[in-house]
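Structure file entry16.cif (mmCIF, C-alpha atoms and all ligand atoms) is printed below.
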data_coords
#
loop_
_atom_site.label_atom_id
_atom_site.label_comp_id
_atom_site.auth_asym_id
_atom_site.auth_seq_id
_atom_site.Cartn_x
_atom_site.Cartn_y
_atom_site.Cartn_z
CA MET K 829 -119.06 223.13 55.17
CA SER K 830 -117.40 224.25 51.97
CA LEU K 831 -113.65 224.82 51.80
CA PRO K 832 -111.86 227.88 50.36
CA ASN K 833 -112.43 227.78 46.63
CA HIS K 834 -109.71 227.83 44.01
CA PHE K 835 -112.17 227.27 41.15
CA GLU K 836 -113.54 230.14 39.08
CA LEU K 837 -116.49 229.45 36.75
CA LEU K 838 -115.95 231.53 33.57
CA ALA K 839 -118.98 230.56 31.47
CA THR K 840 -121.80 228.03 31.27
CA ASN K 841 -123.71 226.82 28.20
CA GLY K 842 -126.56 224.48 29.09
CA ALA K 843 -125.11 222.15 31.72
CA ALA K 844 -121.61 222.50 30.22
CA ARG K 845 -119.14 224.80 32.07
CA THR K 846 -115.71 226.26 31.49
CA GLY K 847 -113.53 227.53 34.31
CA ARG K 848 -110.08 227.95 35.85
CA LEU K 849 -108.68 225.97 38.77
CA THR K 850 -105.72 227.63 40.51
CA THR K 851 -103.20 225.24 42.10
CA PRO K 852 -99.80 225.81 43.81
CA HIS K 853 -98.07 224.75 40.56
CA GLY K 854 -100.21 226.68 38.09
CA VAL K 855 -103.66 227.22 36.58
CA VAL K 856 -105.79 224.47 35.04
CA GLN K 857 -108.31 225.46 32.36
CA THR K 858 -111.47 223.33 32.48
CA PRO K 859 -112.88 221.20 30.98
CA ALA K 860 -109.47 219.56 31.38
CA PHE K 861 -108.05 216.23 30.30
CA MET K 862 -105.34 214.85 32.60
CA PRO K 863 -102.97 212.46 30.85
CA VAL K 864 -101.56 209.74 32.98
CA GLY K 865 -98.02 209.30 34.15
CA THR K 866 -97.70 205.69 35.19
CA ALA K 867 -94.72 204.96 37.49
CA GLY K 868 -93.87 208.66 37.49
CA ALA K 869 -93.17 209.12 33.79
CA MET K 870 -95.45 209.40 30.77
CA LYS K 871 -94.89 206.18 28.82
CA GLY K 872 -93.23 207.20 25.54
CA LEU K 873 -93.71 210.92 25.99
CA HIS K 874 -91.37 213.68 27.09
CA TRP K 875 -92.92 216.25 29.39
CA ARG K 876 -92.19 218.96 26.79
CA GLU K 877 -94.53 217.24 24.32
CA VAL K 878 -97.14 216.73 27.03
CA ARG K 879 -97.03 220.45 27.78
CA ASP K 880 -96.88 221.52 24.10
CA ALA K 881 -99.92 219.33 23.35
CA GLY K 882 -101.94 221.63 25.62
CA THR K 883 -101.79 219.73 28.92
CA ASP K 884 -102.14 221.80 32.09
CA ILE K 885 -102.24 218.97 34.67
CA VAL K 886 -101.12 215.33 34.79
CA LEU K 887 -101.77 212.36 37.07
CA GLY K 888 -99.12 210.91 39.33
CA ASN K 889 -99.28 207.29 40.36
CA THR K 890 -99.61 206.88 44.11
CA TYR K 891 -99.71 203.08 44.17
CA HIS K 892 -96.58 202.54 42.07
CA LEU K 893 -94.57 205.41 43.55
CA MET K 894 -95.26 204.51 47.18
CA LEU K 895 -93.98 200.98 46.48
CA ARG K 896 -91.03 202.13 44.35
CA PRO K 897 -89.06 204.37 44.92
CA GLY K 898 -91.16 205.17 48.02
CA ALA K 899 -93.05 208.34 49.01
CA GLU K 900 -90.53 209.38 51.69
CA ARG K 901 -87.69 209.14 49.13
CA ILE K 902 -89.57 211.30 46.61
CA ALA K 903 -90.31 213.85 49.35
CA ALA K 904 -86.59 213.92 50.25
CA LEU K 905 -85.87 214.56 46.55
CA GLY K 906 -88.19 217.57 46.51
CA GLY K 907 -91.52 215.95 45.61
CA LEU K 908 -93.04 214.69 42.35
CA GLN K 909 -92.52 217.85 40.35
CA ALA K 910 -88.78 218.03 41.19
CA PHE K 911 -88.45 214.22 40.85
CA THR K 912 -90.10 213.93 37.42
CA GLY K 913 -89.31 217.31 35.90
CA TRP K 914 -92.99 218.09 35.30
CA ASN K 915 -93.21 221.43 37.09
CA GLY K 916 -96.95 222.00 36.54
CA PRO K 917 -100.07 220.94 38.43
CA MET K 918 -100.36 217.27 39.37
CA LEU K 919 -103.22 215.20 40.75
CA THR K 920 -102.73 211.86 42.49
CA ASP K 921 -105.30 209.16 43.09
CA SER K 922 -105.52 207.61 46.56
CA GLY K 923 -104.17 204.24 45.43
CA GLY K 924 -107.20 202.24 46.52
CA PHE K 925 -108.52 201.71 43.01
CA GLN K 926 -105.28 200.19 41.85
CA VAL K 927 -104.96 197.93 44.85
CA MET K 928 -108.42 196.57 43.97
CA SER K 929 -107.46 196.09 40.32
CA LEU K 930 -103.79 195.17 40.51
CA SER K 931 -103.13 192.98 43.52
CA ASP K 932 -105.27 189.90 44.05
CA LEU K 933 -103.96 189.28 47.58
CA ARG K 934 -105.82 192.17 49.19
CA LYS K 935 -108.24 192.55 52.09
CA VAL K 936 -110.55 195.47 52.78
CA SER K 937 -111.29 196.25 56.44
CA GLU K 938 -112.77 199.28 58.22
CA LYS K 939 -109.23 200.37 59.03
CA ALA K 940 -107.48 199.98 55.67
CA VAL K 941 -106.83 197.96 52.54
CA THR K 942 -103.96 195.50 52.99
CA PHE K 943 -102.24 193.88 50.02
CA ARG K 944 -99.03 192.34 48.85
CA SER K 945 -96.67 194.54 46.84
CA HIS K 946 -96.47 193.30 43.23
CA ILE K 947 -92.79 194.28 43.35
CA ASP K 948 -91.40 192.36 46.32
CA GLY K 949 -94.45 190.63 47.83
CA ALA K 950 -94.16 192.66 51.04
CA LYS K 951 -97.39 193.17 52.99
CA VAL K 952 -98.62 196.79 52.63
CA GLU K 953 -101.39 198.49 54.60
CA LEU K 954 -103.06 201.48 52.91
CA SER K 955 -105.34 203.37 55.27
CA PRO K 956 -107.00 206.73 54.50
CA GLU K 957 -104.41 208.35 56.78
CA ARG K 958 -101.45 206.68 55.02
CA SER K 959 -102.89 207.43 51.57
CA ILE K 960 -103.17 211.15 52.43
CA GLU K 961 -99.66 211.09 53.96
CA VAL K 962 -98.27 209.50 50.75
CA GLN K 963 -100.04 212.04 48.52
CA ARG K 964 -98.75 214.89 50.70
CA LEU K 965 -95.20 213.46 50.53
CA LEU K 966 -95.50 213.25 46.72
CA GLY K 967 -96.54 216.92 46.83
CA ALA K 968 -99.65 216.53 44.63
CA ASP K 969 -101.59 219.78 44.11
CA ILE K 970 -104.84 217.80 44.23
CA ALA K 971 -105.19 214.68 46.40
CA MET K 972 -108.06 212.20 46.37
CA GLN K 973 -109.78 210.70 49.38
CA MET K 974 -109.31 206.98 49.99
CA ASP K 975 -112.39 205.14 48.73
CA GLU K 976 -113.63 201.72 47.69
CA CYS K 977 -114.81 201.37 44.11
CA VAL K 978 -116.90 198.30 43.26
CA ARG K 979 -116.89 196.90 39.75
CA LEU K 980 -120.28 196.69 38.00
CA PRO K 981 -122.55 194.76 37.93
CA ALA K 982 -122.69 194.50 41.74
CA THR K 983 -125.39 193.74 44.31
CA ARG K 984 -127.24 196.58 46.05
CA ASP K 985 -125.77 195.45 49.38
CA ASP K 986 -122.20 195.56 48.06
CA ILE K 987 -122.74 198.95 46.44
CA GLU K 988 -124.25 200.38 49.65
CA ARG K 989 -121.53 198.83 51.86
CA ALA K 990 -118.70 200.30 49.73
CA MET K 991 -120.47 203.67 49.43
CA ARG K 992 -120.87 204.01 53.22
CA LEU K 993 -117.31 202.80 53.90
CA SER K 994 -116.09 205.41 51.39
CA LEU K 995 -118.02 208.11 53.30
CA ARG K 996 -116.35 207.10 56.59
CA TRP K 997 -113.00 207.09 54.78
CA ALA K 998 -113.86 210.54 53.35
CA GLU K 999 -114.13 211.90 56.91
CA ARG K 1000 -110.81 210.32 57.89
CA SER K 1001 -109.10 211.51 54.67
CA LYS K 1002 -110.24 215.07 55.31
CA ARG K 1003 -109.00 215.00 58.94
CA ALA K 1004 -105.64 213.63 57.78
CA PHE K 1005 -105.45 216.37 55.11
CA GLU K 1006 -106.13 219.23 57.54
CA THR K 1007 -102.42 220.17 57.92
CA ALA K 1008 -101.83 220.68 54.16
CA PRO K 1009 -100.59 224.18 53.24
CA ASP K 1010 -103.09 226.60 51.73
CA GLY K 1011 -103.77 226.07 48.03
CA TYR K 1012 -103.37 222.29 48.12
CA MET K 1013 -106.71 220.58 47.51
CA LEU K 1014 -108.52 217.43 48.55
CA PHE K 1015 -111.38 216.00 46.47
CA GLY K 1016 -114.11 213.72 47.78
CA ILE K 1017 -115.27 210.81 45.60
CA VAL K 1018 -118.96 210.01 45.05
CA GLN K 1019 -119.71 206.30 44.98
CA GLY K 1020 -123.04 204.49 44.72
CA GLY K 1021 -122.64 202.22 41.68
CA ASP K 1022 -125.59 202.28 39.25
CA ILE K 1023 -128.22 203.02 41.92
CA PRO K 1024 -129.55 206.62 41.84
CA GLU K 1025 -130.59 206.61 45.51
CA MET K 1026 -127.08 205.53 46.56
CA ARG K 1027 -125.55 208.24 44.37
CA HIS K 1028 -127.77 210.89 46.01
CA ILE K 1029 -126.86 209.74 49.56
CA SER K 1030 -123.15 209.69 48.73
CA ALA K 1031 -123.16 213.14 47.07
CA ARG K 1032 -125.26 214.74 49.85
CA GLU K 1033 -123.10 213.33 52.67
CA LEU K 1034 -119.83 214.25 50.90
CA VAL K 1035 -120.95 217.87 50.42
CA LYS K 1036 -121.81 218.00 54.16
CA ILE K 1037 -118.23 216.95 54.95
CA GLY K 1038 -116.95 219.59 52.49
CA PHE K 1039 -114.16 219.27 49.90
CA HIS K 1040 -112.37 221.55 47.40
CA GLY K 1041 -113.80 219.46 44.57
CA TYR K 1042 -115.82 216.31 43.97
CA ALA K 1043 -115.01 213.29 41.85
CA ILE K 1044 -117.60 210.91 40.47
CA GLY K 1045 -116.06 207.49 41.05
CA GLY K 1046 -117.36 203.97 40.66
CA LEU K 1047 -117.94 204.40 36.91
CA ALA K 1048 -116.09 203.21 33.81
CA VAL K 1049 -115.90 199.90 35.63
CA GLY K 1050 -117.72 197.73 33.10
CA GLU K 1051 -121.11 199.42 32.83
CA PRO K 1052 -122.61 200.46 29.46
CA GLN K 1053 -122.01 204.10 28.45
CA ALA K 1054 -125.74 204.82 28.87
CA VAL K 1055 -125.56 203.77 32.54
CA MET K 1056 -122.45 205.90 33.08
CA LEU K 1057 -124.18 208.95 31.55
CA ALA K 1058 -127.36 208.30 33.57
CA MET K 1059 -125.32 208.23 36.81
CA ILE K 1060 -123.69 211.56 35.86
CA ASP K 1061 -127.20 213.00 35.36
CA GLU K 1062 -128.12 211.73 38.86
CA THR K 1063 -124.95 212.99 40.54
CA ALA K 1064 -123.69 216.24 38.96
CA PRO K 1065 -126.76 218.34 39.94
CA ALA K 1066 -126.26 217.27 43.59
CA LEU K 1067 -122.73 218.76 43.66
CA PRO K 1068 -121.91 222.44 44.43
CA VAL K 1069 -122.04 224.45 41.20
CA ASP K 1070 -118.88 226.38 42.15
CA CYS K 1071 -116.67 223.31 42.74
CA PRO K 1072 -114.80 221.26 40.12
CA ARG K 1073 -116.29 217.88 39.14
CA TYR K 1074 -113.88 215.11 38.11
CA LEU K 1075 -115.11 211.96 36.34
CA MET K 1076 -112.51 209.30 37.17
CA GLY K 1077 -111.03 207.02 34.53
CA VAL K 1078 -113.03 208.42 31.60
CA GLY K 1079 -112.80 208.00 28.67
CA THR K 1080 -113.18 207.92 24.91
CA PRO K 1081 -113.54 211.25 23.06
CA GLU K 1082 -117.30 210.60 22.86
CA ASP K 1083 -117.44 209.98 26.63
CA LEU K 1084 -115.67 213.31 27.22
CA LEU K 1085 -118.05 215.23 24.92
CA GLU K 1086 -121.17 213.71 26.53
CA ALA K 1087 -119.86 214.14 30.08
CA VAL K 1088 -118.89 217.80 29.52
CA ALA K 1089 -122.41 218.32 28.16
CA ARG K 1090 -123.65 217.04 31.55
CA GLY K 1091 -121.45 219.34 33.67
CA ILE K 1092 -118.16 217.47 34.18
CA ASP K 1093 -114.96 219.58 34.38
CA MET K 1094 -112.03 217.11 34.68
CA PHE K 1095 -111.10 213.71 33.27
CA ASP K 1096 -108.28 211.19 33.35
CA CYS K 1097 -107.83 208.13 31.14
CA VAL K 1098 -105.03 205.81 30.00
CA MET K 1099 -106.60 205.36 26.54
CA PRO K 1100 -104.62 207.98 24.57
CA THR K 1101 -101.27 206.53 25.68
CA ARG K 1102 -102.29 202.86 26.09
CA ASN K 1103 -104.21 202.66 22.76
CA GLY K 1104 -101.36 204.60 21.14
CA ARG K 1105 -98.90 201.92 22.22
CA HIS K 1106 -101.16 199.39 20.50
CA GLY K 1107 -101.28 201.27 17.19
CA MET K 1108 -104.61 203.09 17.61
CA ALA K 1109 -104.83 206.77 16.58
CA PHE K 1110 -107.59 209.13 17.76
CA THR K 1111 -108.51 211.69 15.07
CA ARG K 1112 -111.29 214.05 13.96
CA PHE K 1113 -112.51 211.15 11.81
CA GLY K 1114 -112.70 208.69 14.70
CA GLN K 1115 -110.25 205.96 15.69
CA ILE K 1116 -107.85 204.57 13.08
CA ASN K 1117 -106.07 201.24 13.66
CA LEU K 1118 -102.69 201.65 12.04
CA ARG K 1119 -101.94 197.95 12.33
CA ASN K 1120 -104.49 197.46 9.53
CA ALA K 1121 -102.90 196.47 6.17
CA ARG K 1122 -105.01 199.06 4.33
CA HIS K 1123 -102.55 201.75 5.50
CA ALA K 1124 -99.42 200.06 4.07
CA ASP K 1125 -99.30 202.21 0.90
CA ASP K 1126 -101.15 205.31 2.13
CA PRO K 1127 -98.89 208.39 1.76
CA ARG K 1128 -101.41 210.72 3.49
CA PRO K 1129 -100.81 211.96 7.05
CA LEU K 1130 -103.44 211.18 9.67
CA ASP K 1131 -104.85 214.72 9.37
CA GLU K 1132 -103.17 217.34 7.18
CA GLU K 1133 -105.16 220.11 8.91
CA SER K 1134 -103.96 219.18 12.40
CA GLU K 1135 -102.00 221.76 14.37
CA TRP K 1136 -99.93 218.90 15.85
CA PRO K 1137 -96.79 218.28 13.70
CA ALA K 1138 -96.67 214.48 14.13
CA THR K 1139 -100.34 214.19 13.04
CA ARG K 1140 -99.59 216.31 9.96
CA ASP K 1141 -96.06 215.23 8.99
CA TYR K 1142 -95.92 211.43 9.12
CA SER K 1143 -97.57 209.22 6.49
CA ARG K 1144 -100.00 206.52 7.50
CA ALA K 1145 -97.73 204.10 5.64
CA TYR K 1146 -94.80 205.02 7.88
CA LEU K 1147 -96.86 204.82 11.09
CA HIS K 1148 -98.19 201.45 9.89
CA HIS K 1149 -94.61 200.27 9.29
CA LEU K 1150 -93.45 201.41 12.75
CA VAL K 1151 -96.39 199.74 14.48
CA ARG K 1152 -96.04 196.49 12.50
CA SER K 1153 -92.27 196.45 13.20
CA GLY K 1154 -92.83 197.06 16.92
CA GLU K 1155 -90.61 200.15 16.75
CA THR K 1156 -90.68 202.19 19.99
CA LEU K 1157 -91.01 205.34 17.87
CA GLY K 1158 -94.42 204.05 16.74
CA ALA K 1159 -95.69 203.93 20.33
CA MET K 1160 -94.12 207.32 21.09
CA LEU K 1161 -95.58 209.06 18.02
CA LEU K 1162 -99.08 207.63 18.50
CA SER K 1163 -99.07 208.44 22.23
CA GLU K 1164 -98.27 212.09 21.53
CA ILE K 1165 -100.67 212.21 18.55
CA ASN K 1166 -103.46 210.88 20.79
CA VAL K 1167 -102.75 213.17 23.76
CA ALA K 1168 -102.64 216.09 21.30
CA TYR K 1169 -106.02 215.08 19.84
CA TYR K 1170 -107.59 214.81 23.31
CA GLN K 1171 -106.25 218.27 24.23
CA HIS K 1172 -107.43 219.66 20.87
CA LEU K 1173 -110.91 218.34 21.70
CA MET K 1174 -110.83 219.84 25.22
CA ARG K 1175 -109.70 223.23 23.87
CA GLY K 1176 -112.50 223.12 21.28
CA MET K 1177 -115.05 222.42 24.03
CA ARG K 1178 -113.72 225.24 26.26
CA GLU K 1179 -113.92 227.73 23.37
CA ALA K 1180 -117.38 226.52 22.28
CA ILE K 1181 -118.75 226.89 25.83
CA SER K 1182 -117.25 230.39 26.11
CA GLN K 1183 -118.92 231.35 22.83
CA GLY K 1184 -122.25 229.74 23.79
CA ILE K 1185 -122.16 227.32 20.85
CA PHE K 1186 -121.46 224.03 22.65
CA ALA K 1187 -124.53 222.28 21.17
CA ASP K 1188 -123.35 223.12 17.64
CA PHE K 1189 -119.77 222.03 18.48
CA ARG K 1190 -121.09 218.73 19.82
CA GLU K 1191 -123.08 218.03 16.63
CA ARG K 1192 -120.19 218.97 14.31
CA THR K 1193 -117.71 216.86 16.31
CA ARG K 1194 -119.99 213.80 16.33
CA ALA K 1195 -120.58 214.23 12.57
CA GLY K 1196 -116.81 214.19 12.00
CA TRP K 1197 -116.43 210.93 13.91
CA ALA K 1198 -119.45 209.41 12.15
CA LYS K 1199 -118.01 210.26 8.73
CA GLY K 1200 -115.22 207.90 9.67
CA ASP K 1201 -111.83 207.69 8.08
CA ILE K 1202 -112.16 208.41 4.38
C1 LIG V 1301 -110.80 203.29 34.04
N1 LIG V 1301 -111.98 203.43 34.86
C2 LIG V 1301 -111.90 203.92 36.12
N2 LIG V 1301 -110.77 204.39 36.69
C3 LIG V 1301 -111.12 204.73 37.96
C4 LIG V 1301 -110.32 205.22 38.99
C5 LIG V 1301 -108.84 205.48 38.74
C6 LIG V 1301 -108.68 206.79 38.01
N3 LIG V 1301 -107.38 206.83 37.32
C7 LIG V 1301 -106.24 206.93 38.22
C8 LIG V 1301 -105.01 206.17 37.69
C9 LIG V 1301 -105.27 204.66 37.68
C10 LIG V 1301 -104.02 203.94 37.19
C11 LIG V 1301 -103.66 204.37 35.77
C12 LIG V 1301 -103.43 205.86 35.78
C13 LIG V 1301 -102.26 206.22 36.67
C14 LIG V 1301 -102.59 205.78 38.09
C15 LIG V 1301 -102.83 204.29 38.07
C16 LIG V 1301 -103.82 206.50 38.59
C17 LIG V 1301 -104.68 206.58 36.26
C18 LIG V 1301 -110.93 205.43 40.26
N4 LIG V 1301 -110.16 205.88 41.33
C19 LIG V 1301 -110.74 206.00 42.54
N5 LIG V 1301 -110.00 206.41 43.58
N6 LIG V 1301 -112.07 205.74 42.75
C20 LIG V 1301 -112.89 205.34 41.75
O1 LIG V 1301 -114.09 205.11 42.00
C21 LIG V 1301 -112.31 205.16 40.43
C22 LIG V 1301 -113.10 204.71 39.37
C23 LIG V 1301 -112.49 204.48 38.13
N7 LIG V 1301 -112.96 203.98 36.95
#

Show this structure as structure tokens.
Ligand SMILES: CNc1nc2c(CCNC[C@]34C[C@H]5C[C@H](C[C@H](C5)C3)C4)c3nc(N)[nH]c(=O)c3cc2[nH]1
Amino acid sequence: MSLPNHFELLATNGAARTGRLTTPHGVVQTPAFMPVGTAGAMKGLHWREVRDAGTDIVLGNTYHLMLRPGAERIAALGGLQAFTGWNGPMLTDSGGFQVMSLSDLRKVSEKAVTFRSHIDGAKVELSPERSIEVQRLLGADIAMQMDECVRLPATRDDIERAMRLSLRWAERSKRAFETAPDGYMLFGIVQGGDIPEMRHISARELVKIGFHGYAIGGLAVGEPQAVMLAMIDETAPALPVDCPRYLMGVGTPEDLLEAVARGIDMFDCVMPTRNGRHGMAFTRFGQINLRNARHADDPRPLDEESEWPATRDYSRAYLHHLVRSGETLGAMLLSEINVAYYQHLMRGMREAISQGIFADFRERTRAGWAKGDI
């Protein structure tokens, strides 16, 4: 059965949608990109810049924060918003994905995932109940069910096993979430790998359980983009039209454009900040690697028409120098430049959908990337 809805669809244009998601800490305009705070802070970015770049909602990091400084401690300090100083909406993942990708000493059982902390080696058990408790202690506006995501390629048996385990964990996550105050949301996560039938079963059973929103998980785990897009085509139509859809861990600007075109509303990805730390800039002309020697004497800014000061005011030569010299300012500037570009793209998509010209926006945006960096 469906849960009270905090999502308002404002306009649709083909399969693309724009809407507003109301959370206890504020409103999120969709399609939305959620930058990632790692151990509770945005690497190289102040929250002011994150907000000024057009960010409505950020991701907290359940796995890291529950290990250090601990969920109970953050709750005692007033929750994630008070602890970090980001006073807007926050979404936290359930932690399961990271356990699978970060700690090698882990075991998955019906009850929970157990692993060794990468900080002090202590044995940690993360069950659906504990994951929900941790996310509630952190005070996230949107929590995610505990699930098991398999990397691709994977066997049909493994994909089906993990999908059905995730459905049982979805039930348990929802029961554990029942006591959350009104307005706080829990999203289910569709699994099913690259098998359409498994995707349909997962989506259908999750909707029967009933969540505030639905994530499409199990993608951006090594499959080609075409497979990812095909799985969105299989899954999105099976989800309630009036609930938010969140594609986890995605992606490049092109991924975002193509996924919004297929009905996705929310995204998270480490690329803007992580690639920024490695000298990559995302722009209207595509990606520019500022480590490349060709920028050493280039006095031009990345994009003189950008509304973001750092993209307009710093020369490529200076950014190249900072990156080559390993200056922290280089990582900071490129992280904010990239988050600002992602939010510029999301705002452009929201406006295009509202005006009914998303197809035209998509063509013009792709042409800009194809032109490349002149
Ligand atoms: C990249 N591809 C990808 N990601 C995925 C994630 C993590 C989303 N980001 C959260 C996260 C992960 C890390 C890095 C930051 C902060 C914090 C730790 C939370 C984002 C996923 N998370 C869950 N629970 N389930 C998935 O199927 C899944 C699939 C993904 N495919």

Residues within 10 Å of Tyr1146 in chain K, all atoms listed in the file, excluding chain neighbours under 5 positions, as an NGL selection string: :K and (1118 or 1123-1129 or 1151-1152 or 1158)

In Å, with one decimal, what is the gap from CA of His1028 in chain K to CA of Phe925 in chain K? 21.5 Å

Between atom C9 of ligand LIG 1301 (chain V) and CA of Leu1047 in chain K, distance in Å (one decimal):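 Those two atoms sit 12.7 Å apart.
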
Counting all atoms listed in the file, which protein, DNA or RNA residues come within 7 Å of ligand LIG 1301 (chain V), given as a PDB file with C-alpha atoms, keeping the file's coordinate frame?
ATOM      1  CA  VAL K 864    -101.560 209.740  32.980  1.00  0.00           C
ATOM      2  CA  GLY K 865     -98.020 209.300  34.150  1.00  0.00           C
ATOM      3  CA  THR K 866     -97.700 205.690  35.190  1.00  0.00           C
ATOM      4  CA  LEU K 887    -101.770 212.360  37.070  1.00  0.00           C
ATOM      5  CA  GLY K 888     -99.120 210.910  39.330  1.00  0.00           C
ATOM      6  CA  ASN K 889     -99.280 207.290  40.360  1.00  0.00           C
ATOM      7  CA  THR K 890     -99.610 206.880  44.110  1.00  0.00           C
ATOM      8  CA  TYR K 891     -99.710 203.080  44.170  1.00  0.00           C
ATOM      9  CA  THR K 920    -102.730 211.860  42.490  1.00  0.00           C
ATOM     10  CA  ASP K 921    -105.300 209.160  43.090  1.00  0.00           C
ATOM     11  CA  SER K 922    -105.520 207.610  46.560  1.00  0.00           C
ATOM     12  CA  GLY K 923    -104.170 204.240  45.430  1.00  0.00           C
ATOM     13  CA  GLY K 924    -107.200 202.240  46.520  1.00  0.00           C
ATOM     14  CA  PHE K 925    -108.520 201.710  43.010  1.00  0.00           C
ATOM     15  CA  GLN K 926    -105.280 200.190  41.850  1.00  0.00           C
ATOM     16  CA  MET K 972    -108.060 212.200  46.370  1.00  0.00           C
ATOM     17  CA  MET K 974    -109.310 206.980  49.990  1.00  0.00           C
ATOM     18  CA  ASP K 975    -112.390 205.140  48.730  1.00  0.00           C
ATOM     19  CA  GLU K 976    -113.630 201.720  47.690  1.00  0.00           C
ATOM     20  CA  CYS K 977    -114.810 201.370  44.110  1.00  0.00           C
ATOM     21  CA  ILE K1017    -115.270 210.810  45.600  1.00  0.00           C
ATOM     22  CA  GLN K1019    -119.710 206.300  44.980  1.00  0.00           C
ATOM     23  CA  ILE K1044    -117.600 210.910  40.470  1.00  0.00           C
ATOM     24  CA  GLY K1045    -116.060 207.490  41.050  1.00  0.00           C
ATOM     25  CA  GLY K1046    -117.360 203.970  40.660  1.00  0.00           C
ATOM     26  CA  LEU K1047    -117.940 204.400  36.910  1.00  0.00           C
ATOM     27  CA  ALA K1048    -116.090 203.210  33.810  1.00  0.00           C
ATOM     28  CA  VAL K1049    -115.900 199.900  35.630  1.00  0.00           C
ATOM     29  CA  MET K1076    -112.510 209.300  37.170  1.00  0.00           C
ATOM     30  CA  GLY K1077    -111.030 207.020  34.530  1.00  0.00           C
ATOM     31  CA  VAL K1078    -113.030 208.420  31.600  1.00  0.00           C
ATOM     32  CA  ASP K1096    -108.280 211.190  33.350  1.00  0.00           C
ATOM     33  CA  CYS K1097    -107.830 208.130  31.140  1.00  0.00           C
ATOM     34  CA  VAL K1098    -105.030 205.810  30.000  1.00  0.00           C
TER      35      VAL K1098
END

Produce a table with one row for each residue of range 932-1021 of chain K that has an atom at most 10 Å from any atom of range 1058-1069 of chain K, each row naming the nearest atom pair and its distance in Å at one decimal; use all atoms listed in the file; arrange rows by chain and rising residue number; format as CSV.
residue,atom,partner,partner_atom,distance
K:Val1018,CA,K:Thr1063,CA,8.1
K:Gln1019,CA,K:Thr1063,CA,9.6
K:Gly1020,CA,K:Met1059,CA,9.0
K:Gly1021,CA,K:Met1059,CA,8.2

Give me, as a PyMOL selection string, all polymer residues having an atom no more than 10 Å from Ile1092 in chain K, counting all atoms listed in the file and skipping those fewer than 3 positions away in the same chain. chain K and resi 843-846+858-860+1043-1044+1060+1064+1072-1075+1084-1089+1095

Using only C-alpha atoms, the residue out of K:Asp986, K:Asp1093, K:Glu1132, K:Asp880 with shortest distance to Thr1111 in chain K is K:Glu1132

What's the separation between CA of Leu893 in chain K and CA of Leu1034 in chain K, in Å to one decimal place? 27.8 Å

Just want the 10 Å neighbourhood of range 944-949 of chain K, counted on all atoms listed in the file, with same-chain residues fewer than 5 positions away dropped. Output as a list in words. Tyr891, His892, Leu895, Arg896, Val927, Leu930, Ser931, Asp932, Leu933, Arg934 and Lys935 of chain K

Between K:Ala971, K:Ala839, K:Leu1157, K:Met1026, which has the minimum distance to Ser959 in chain K (counting only C-alpha atoms)? K:Ala971

Taking all atoms listed in the file into account, which of K:Leu1150, K:Val952, K:Ala1138, K:Val855 comes nearest Asn1166 in chain K?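 Among K:Leu1150, K:Val952, K:Ala1138, K:Val855, it is K:Ala1138 that comes nearest to Asn1166 in chain K.
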
Can you work out which one of K:Cys1071, K:Ile987, K:Ala982, K:Ala899 has the shortest atom-to-atom distance to Gly1016 in chain K, counting all atoms listed in the file?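 Checking each of K:Cys1071, K:Ile987, K:Ala982, K:Ala899 against Gly1016 in chain K, counting all atoms listed in the file, the winner is K:Cys1071.
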
Minimum-distance residue to Gly913 in chain K, chosen among K:Arg876, K:Lys939, K:Lys1002, K:Ile1181 (using all atoms listed in the file):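 Under the stated criterion, the closest residue is K:Arg876.
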
Surrounding residues of Val886 in chain K excluding itself and chain neighbours under 6 positions, 8 Å, only C-alpha atoms, as a VMD selection string: chain K and resid 862 to 865 917 to 919

Please list as a list of chain:residue names every residue within 9 Å of His1172 in chain K, counting all atoms listed in the file and excluding residues in the same chain fewer than 6 positions away.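 Here the qualifying residues turn out to be K:Ala881, K:Gly882, K:Glu1135.
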
Which residue gives the smallest distance to Glu999 in chain K among K:Arg848, K:Lys1036, K:Arg1178, K:Arg901, with all atoms listed in the file counted?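 Answer, going by the shortest atom-to-atom distance: K:Lys1036.
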
Taking (-114.6, 201.8, 54.8) as a centre in this file's frame and 10 Å as the limit, can you find every polymer residue with an atom that close, using all atoms listed in the file, and give them as a list in words? Val936, Ser937, Glu938, Lys939, Ala940, Val941, Ser955, Pro956, Met974, Asp975, Glu976, Arg989, Ala990, Met991, Arg992, Leu993, Ser994, Leu995, Arg996, Trp997, Ala998 and Arg1000 of chain K

Residue list as number ranges by chain for point (-95.5, 205.9, 23.0), cut-off 8 Å, only C-alpha atoms: K: 871-873, 1101, 1104-1105, 1156-1164

Selection file, C-alpha atoms, as a short mmCIF file (atom, residue, chain, number, x, y, z; two decimals), keeping the file's coordinate frame:
data_model
loop_
_atom_site.label_atom_id
_atom_site.label_comp_id
_atom_site.auth_asym_id
_atom_site.auth_seq_id
_atom_site.Cartn_x
_atom_site.Cartn_y
_atom_site.Cartn_z
CA LYS K 871 -94.89 206.18 28.82
CA GLY K 872 -93.23 207.20 25.54
CA LEU K 873 -93.71 210.92 25.99
CA THR K 1101 -101.27 206.53 25.68
CA GLY K 1104 -101.36 204.60 21.14
CA ARG K 1105 -98.90 201.92 22.22
CA THR K 1156 -90.68 202.19 19.99
CA LEU K 1157 -91.01 205.34 17.87
CA GLY K 1158 -94.42 204.05 16.74
CA ALA K 1159 -95.69 203.93 20.33
CA MET K 1160 -94.12 207.32 21.09
CA LEU K 1161 -95.58 209.06 18.02
CA LEU K 1162 -99.08 207.63 18.50
CA SER K 1163 -99.07 208.44 22.23
CA GLU K 1164 -98.27 212.09 21.53
#
